[in-house]
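Structure data follow from data31.cif (mmCIF, C-alpha atoms):
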data_final
loop_
_atom_site.label_atom_id
_atom_site.label_comp_id
_atom_site.auth_asym_id
_atom_site.auth_seq_id
_atom_site.Cartn_x
_atom_site.Cartn_y
_atom_site.Cartn_z
CA MET A 1 49.63 39.98 18.25
CA ILE A 2 47.16 38.15 16.09
CA GLY A 3 43.66 37.97 17.48
CA LEU A 4 40.15 36.98 16.53
CA SER A 5 39.44 40.04 14.39
CA HIS A 6 42.45 39.39 12.13
CA TYR A 7 41.00 36.03 11.15
CA LEU A 8 37.54 37.56 10.73
CA LEU A 9 39.00 40.24 8.41
CA VAL A 10 40.69 37.58 6.27
CA GLY A 11 37.36 35.75 6.13
CA ALA A 12 35.58 38.97 5.09
CA ALA A 13 38.11 39.61 2.30
CA LEU A 14 37.78 36.05 1.00
CA PHE A 15 33.97 36.35 1.14
CA GLY A 16 34.11 39.61 -0.82
CA LEU A 17 36.30 38.07 -3.52
CA GLY A 18 33.94 35.11 -3.78
CA LEU A 19 30.88 37.38 -3.98
CA PHE A 20 32.51 39.49 -6.70
CA GLY A 21 33.32 36.37 -8.71
CA LEU A 22 29.81 35.00 -8.21
CA LEU A 23 28.26 38.21 -9.57
CA THR A 24 30.64 38.86 -12.46
CA LYS A 25 31.71 35.48 -13.87
CA ARG A 26 30.29 34.24 -17.13
CA ASN A 27 31.39 30.60 -16.93
CA LEU A 28 29.22 28.31 -14.80
CA ILE A 29 32.25 26.47 -13.39
CA ALA A 30 33.88 29.77 -12.38
CA VAL A 31 30.65 30.64 -10.54
CA LEU A 32 30.91 27.32 -8.66
CA MET A 33 34.53 28.13 -7.73
CA SER A 34 33.43 31.50 -6.32
CA ILE A 35 30.78 29.78 -4.19
CA GLU A 36 33.52 27.48 -2.82
CA LEU A 37 35.57 30.57 -1.86
CA MET A 38 32.61 32.00 0.06
CA LEU A 39 32.03 28.69 1.90
CA ASN A 40 35.71 28.60 2.86
CA SER A 41 35.55 32.12 4.31
CA VAL A 42 32.62 31.07 6.49
CA ASN A 43 34.64 28.07 7.70
CA ILE A 44 37.56 30.33 8.65
CA ASN A 45 35.17 32.42 10.75
CA LEU A 46 33.69 29.37 12.50
CA VAL A 47 37.07 27.85 13.34
CA ALA A 48 38.40 31.21 14.58
CA PHE A 49 35.37 31.67 16.85
CA SER A 50 35.81 28.13 18.14
CA ARG A 51 39.47 28.86 18.94
CA TYR A 52 39.14 32.28 20.58
CA SER A 53 35.84 33.00 22.23
CA ALA A 54 33.68 29.94 22.57
CA THR A 55 32.31 28.37 25.67
CA ASP A 56 31.71 25.24 23.58
CA ALA A 57 34.84 25.04 21.46
CA ALA A 58 34.14 21.77 19.65
CA ALA A 59 30.79 23.00 18.26
CA GLY A 60 32.43 25.48 15.88
CA GLN A 61 34.59 22.81 14.28
CA VAL A 62 31.64 20.39 14.10
CA PHE A 63 29.62 23.06 12.24
CA SER A 64 32.41 23.71 9.79
CA LEU A 65 32.76 19.96 9.14
CA PHE A 66 29.05 19.94 8.25
CA ILE A 67 29.66 22.89 5.92
CA ILE A 68 32.53 21.01 4.24
CA ALA A 69 30.26 18.00 3.66
CA VAL A 70 27.50 20.18 2.20
CA ALA A 71 30.04 21.97 -0.01
CA ALA A 72 31.32 18.65 -1.36
CA ALA A 73 27.76 17.57 -2.19
CA GLU A 74 27.09 20.95 -3.78
CA VAL A 75 30.13 20.88 -6.05
CA ALA A 76 29.40 17.30 -7.18
CA VAL A 77 25.79 18.13 -8.14
CA GLY A 78 26.77 21.51 -9.58
CA LEU A 79 29.40 20.05 -11.88
CA ALA A 80 27.02 17.27 -12.98
CA LEU A 81 24.43 19.95 -13.80
CA ALA A 82 27.03 21.99 -15.69
CA TYR A 83 28.00 18.92 -17.73
CA ALA A 84 24.34 18.02 -18.42
CA ILE A 85 23.65 21.57 -19.65
CA TYR A 86 26.85 21.56 -21.73
CA ARG A 87 25.89 18.27 -23.39
CA GLY A 88 22.35 19.42 -24.14
CA ARG A 89 22.97 23.06 -25.10
CA ASP A 90 26.69 23.15 -25.93
CA THR A 91 27.38 26.07 -23.60
CA VAL A 92 28.45 26.71 -20.00
CA SER A 93 27.88 30.46 -20.21
CA VAL A 94 25.55 31.74 -17.50
CA ASP A 95 24.43 34.59 -19.79
CA GLU A 96 22.87 32.11 -22.22
CA MET A 97 20.97 30.17 -19.55
CA ASN A 98 17.77 32.19 -19.84
CA TRP A 99 15.30 29.63 -21.18
CA LEU A 100 12.88 30.25 -18.30
CA LYS A 101 12.60 33.91 -19.39
CA TRP A 102 9.88 34.80 -21.87
CA MET B 1 52.13 26.70 17.37
CA GLU B 2 52.24 29.06 20.30
CA ASN B 3 49.56 31.67 20.08
CA GLY B 4 50.57 35.33 19.94
CA GLY B 5 54.26 34.68 19.37
CA LEU B 6 56.36 36.10 16.56
CA MET B 7 56.22 32.86 14.59
CA HIS B 8 52.43 32.84 14.87
CA THR B 9 52.24 36.40 13.54
CA LEU B 10 54.60 35.66 10.65
CA ALA B 11 52.76 32.44 9.75
CA PHE B 12 49.40 34.22 9.87
CA PHE B 13 50.45 37.03 7.52
CA LEU B 14 52.25 34.68 5.14
CA LEU B 15 49.35 32.21 4.93
CA SER B 16 46.63 34.84 4.66
CA GLY B 17 48.67 36.61 1.96
CA ILE B 18 48.98 33.37 -0.01
CA THR B 19 45.27 32.63 0.45
CA LEU B 20 44.04 36.05 -0.61
CA ALA B 21 46.48 36.34 -3.53
CA ALA B 22 45.42 32.92 -4.86
CA ALA B 23 41.74 33.83 -4.38
CA MET B 24 42.30 37.02 -6.39
CA GLY B 25 43.86 34.85 -9.08
CA VAL B 26 40.80 32.59 -9.05
CA VAL B 27 38.51 35.56 -9.58
CA PHE B 28 40.57 37.75 -11.94
CA LYS B 29 42.43 35.25 -14.19
CA GLN B 30 41.13 34.98 -17.73
CA ASN B 31 42.19 31.35 -18.13
CA LEU B 32 39.84 28.90 -16.43
CA VAL B 33 42.57 26.26 -15.95
CA HIS B 34 44.74 28.75 -14.02
CA SER B 35 41.72 29.62 -11.88
CA ALA B 36 41.11 25.94 -11.09
CA PHE B 37 44.69 25.31 -9.98
CA LEU B 38 44.84 28.55 -7.97
CA LEU B 39 41.66 27.36 -6.25
CA ALA B 40 43.64 24.38 -4.90
CA VAL B 41 46.33 26.82 -3.65
CA THR B 42 43.62 28.85 -1.89
CA PHE B 43 42.31 25.72 -0.17
CA LEU B 44 45.82 24.78 1.02
CA GLY B 45 46.33 28.32 2.35
CA VAL B 46 43.09 28.02 4.32
CA ALA B 47 44.32 24.68 5.68
CA GLY B 48 47.47 26.47 6.87
CA LEU B 49 45.32 29.13 8.56
CA TYR B 50 43.53 26.30 10.41
CA MET B 51 46.94 25.08 11.58
CA THR B 52 47.69 28.52 13.03
CA LEU B 53 44.34 28.26 14.86
CA GLN B 54 45.48 24.93 16.36
CA ALA B 55 42.70 23.07 14.54
CA GLU B 56 44.81 20.22 13.17
CA PHE B 57 41.88 17.95 12.35
CA MET B 58 40.17 20.73 10.39
CA ALA B 59 43.41 21.38 8.50
CA ALA B 60 43.69 17.70 7.55
CA VAL B 61 40.04 17.56 6.43
CA GLN B 62 40.47 20.78 4.47
CA ALA B 63 43.55 19.44 2.66
CA LEU B 64 41.93 16.07 1.94
CA VAL B 65 38.39 17.10 1.01
CA TYR B 66 38.92 20.52 -0.57
CA SER B 67 42.28 20.45 -2.28
CA GLY B 68 42.11 16.68 -2.71
CA ALA B 69 38.56 16.07 -3.90
CA VAL B 70 36.81 19.35 -4.70
CA ALA B 71 39.72 20.90 -6.64
CA VAL B 72 40.18 17.71 -8.67
CA LEU B 73 36.43 17.61 -9.41
CA VAL B 74 36.56 21.24 -10.58
CA VAL B 75 39.55 20.51 -12.84
CA ILE B 76 37.68 17.53 -14.34
CA GLY B 77 34.65 19.78 -14.87
CA VAL B 78 36.85 22.33 -16.67
CA MET B 79 38.33 19.62 -18.90
CA LEU B 80 34.92 18.12 -19.78
CA THR B 81 33.33 21.41 -20.75
CA HIS B 82 36.23 23.34 -22.25
CA ARG B 83 35.62 25.72 -25.14
CA GLU B 84 37.75 26.19 -28.21
CA GLN B 85 39.84 29.12 -26.86
CA MET B 86 41.17 28.26 -23.38
CA SER B 87 43.14 31.49 -22.86
CA ARG B 88 39.90 33.52 -22.88
CA SER B 89 37.75 30.90 -21.21
CA ASN B 90 36.88 32.82 -18.05
CA PRO B 91 35.69 36.31 -19.06
CA PRO B 92 33.73 38.67 -16.81
CA ASN B 93 30.22 39.66 -17.78
CA LYS B 94 28.68 43.11 -18.23
CA MET B 95 27.91 43.49 -14.52
CA LEU B 96 31.52 44.29 -13.54
CA LEU B 97 30.80 47.69 -11.95
CA VAL B 98 27.58 46.59 -10.23
CA GLY B 99 29.28 43.42 -8.94
CA ALA B 100 32.24 45.36 -7.58
CA LEU B 101 29.92 47.85 -5.86
CA ALA B 102 27.81 45.07 -4.31
CA ALA B 103 30.85 43.08 -3.11
CA LEU B 104 32.56 46.18 -1.72
CA SER B 105 29.45 47.31 0.16
CA VAL B 106 28.96 43.84 1.69
CA VAL B 107 32.64 43.68 2.71
CA GLY B 108 32.41 47.21 4.09
CA ALA B 109 29.43 46.25 6.24
CA ILE B 110 31.20 43.10 7.51
CA VAL B 111 34.45 44.98 8.29
CA TRP B 112 32.53 47.71 10.11
CA ALA B 113 30.73 45.05 12.15
CA ILE B 114 34.01 43.28 12.98
CA LEU B 115 35.78 46.47 14.06
CA ALA B 116 32.82 47.91 15.97
CA THR B 117 31.99 44.80 17.97
CA PRO B 118 33.68 44.44 21.38
CA TRP B 119 34.65 40.77 21.10
CA LYS B 120 34.74 38.88 24.36
CA VAL B 121 37.89 36.87 23.73
CA GLY B 122 38.17 34.01 26.18
CA LYS B 123 41.23 32.00 27.00
CA GLY B 124 40.19 29.56 24.31
CA SER B 125 40.73 25.86 24.21
CA VAL B 126 42.29 23.40 21.79
CA VAL B 127 39.89 20.92 20.21
CA THR B 128 41.21 17.47 19.40
CA ALA B 129 39.87 14.99 16.88
CA GLY B 130 38.62 12.92 19.83
CA ASP B 131 36.41 15.78 21.04
CA ILE B 132 34.92 16.22 17.58
CA GLY B 133 34.27 12.47 17.24
CA ARG B 134 32.55 12.30 20.62
CA ARG B 135 30.29 15.22 19.68
CA PHE B 136 29.43 13.59 16.35
CA LEU B 137 28.30 10.40 18.10
CA THR B 138 26.39 12.03 20.98
CA ASP B 139 24.49 15.30 20.68
CA PHE B 140 25.26 15.90 16.99
CA ALA B 141 24.33 12.35 15.92
CA PRO B 142 21.03 13.22 14.09
CA PRO B 143 22.57 15.93 11.86
CA PHE B 144 25.55 13.65 11.30
CA GLU B 145 23.26 10.94 9.90
CA ALA B 146 21.38 13.58 7.88
CA VAL B 147 24.65 14.74 6.30
CA ALA B 148 25.52 11.13 5.46
CA LEU B 149 22.16 10.76 3.69
CA LEU B 150 22.68 14.10 1.92
CA LEU B 151 26.07 12.98 0.58
CA LEU B 152 24.60 9.68 -0.64
CA ALA B 153 21.70 11.47 -2.33
CA ALA B 154 24.04 14.04 -3.90
CA LEU B 155 26.38 11.37 -5.29
CA ILE B 156 23.49 9.31 -6.74
CA GLY B 157 22.02 12.50 -8.18
CA ALA B 158 25.35 13.47 -9.72
CA VAL B 159 25.68 10.03 -11.37
CA VAL B 160 22.12 10.23 -12.73
CA LEU B 161 22.71 13.75 -14.11
CA PHE B 162 26.00 12.69 -15.69
CA LYS B 163 24.40 9.69 -17.38
CA GLY B 164 21.74 11.94 -18.87
CA GLY B 165 18.61 10.48 -17.28
CA LYS B 166 17.88 7.77 -19.82
CA ALA B 167 19.68 4.46 -20.33
CA GLN B 168 22.67 4.67 -22.63
CA SER B 169 24.97 1.91 -23.72
#

Reformat the file's structure so that it appears as structure tokens.
Amino acid sequence: MIGLSHYLLVGAALFGLGLFGLLTKRNLIAVLMSIELMLNSVNINLVAFSRYSATDAAAGQVFSLFIIAVAAAEVAVGLALAYAIYRGRDTVSVDEMNWLKW
Amino acid sequence: MENGGLMHTLAFFLLSGITLAAAMGVVFKQNLVHSAFLLAVTFLGVAGLYMTLQAEFMAAVQALVYSGAVAVLVVIGVMLTHREQMSRSNPPNKMLLVGALAALSVVGAIVWAILATPWKVGKGSVVTAGDIGRRFLTDFAPPFEAVALLLLAALIGAVVLFKGGKAQS
């Protein structure tokens, strides 16, 4: 019998994997991928809540559609930034992006 | 798919296994190209999980936007910025232990909260694409327009950043 908490546990595991990748990856594009994983885990939670325990079921799916739109905007700008940095500095390594440090 | 049946249980475990295995591949693979393609597999697995939740419209949007557009964008980003040695293109940094500790403690807190909360599970209802469209055009109309503006601004910004800010021939 699969219930709400099963989906929430899958979402938590996906969020943890994304957080681990976000903290430990060296490549800027891999960091962006980890952020996408975390956004997906949040969407799983929202859709599961909308299916199982909502008084207003459509709101959960509307919220996760907004999250999908924001994630698409984020990945477009993030990749453009990564390419701009790569062209200017010839690196996509997060460890070398420390020019604001003095 | 009928909720709570054997097929639902099987589909849930199969799809969540695929999703989590592909997500582990995204995070732990050393080759950035493998990570990018496994990311598309993860997105399709999540779309399947939406199908088991009877959210067909969400599954379609997930397959179109995430594994159609976002995964392709990420692959293009990998190709445009690739380094000389692709097989070691996705190494971890020196924060491996700290990152693992932080991620595990956050997951532990979330799992504890999930298991300790007495969820009030209702009968639930199935949401159709028509319901979502009506909500977008009535009480969620202002945020809907704001998201449209955000997408426009993000796409123009991405083009400007790609071109490098100054006019080039």

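Considering the residues A:Leu46, A:Leu28, A:Met97, A:Ala12 and counting only C-alpha atoms, chain B has its shortest atom-to-atom contact with A:Ala12.
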
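Note that atom CA of Leu44 of chain B and atom CA of Tyr66 of chain B are 8.3 Å apart.
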
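Restricting the calculation to only C-alpha atoms, the smallest distance between Ile132 of chain B and any of B:Val98, B:Val26, B:Ala21, B:Ala55 is found for B:Ala55.
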
Sel. within 12 Å of pt (27.7, 34.5, -11.0), counting all atoms listed in the file, output as a PyMOL selection string:
(chain A and resi 17-35+92-95+97) or (chain B and resi 27+90-96+99)

Apply the PyMOL selection byres ((chain B and resi 65) around 12) to the structure shown and report the selected residues as number ranges by chain.
A: 40, 65, 67-73, 75; B: 40, 43-44, 47, 57-64, 66-73

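Restricting the calculation to all atoms listed in the file, the smallest distance between Ala48 of chain A and any of A:Gly88, A:Gly78, A:Gly60, A:Gly16 is found for A:Gly60.
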
In Å, how far is it from atom CA of Gly25 of chain B to atom CA of Leu10 of chain B?
22.5 Å

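Across the model, the gap from atom CA of Gly11 of chain A to atom CA of Phe12 of chain B is 12.7 Å.
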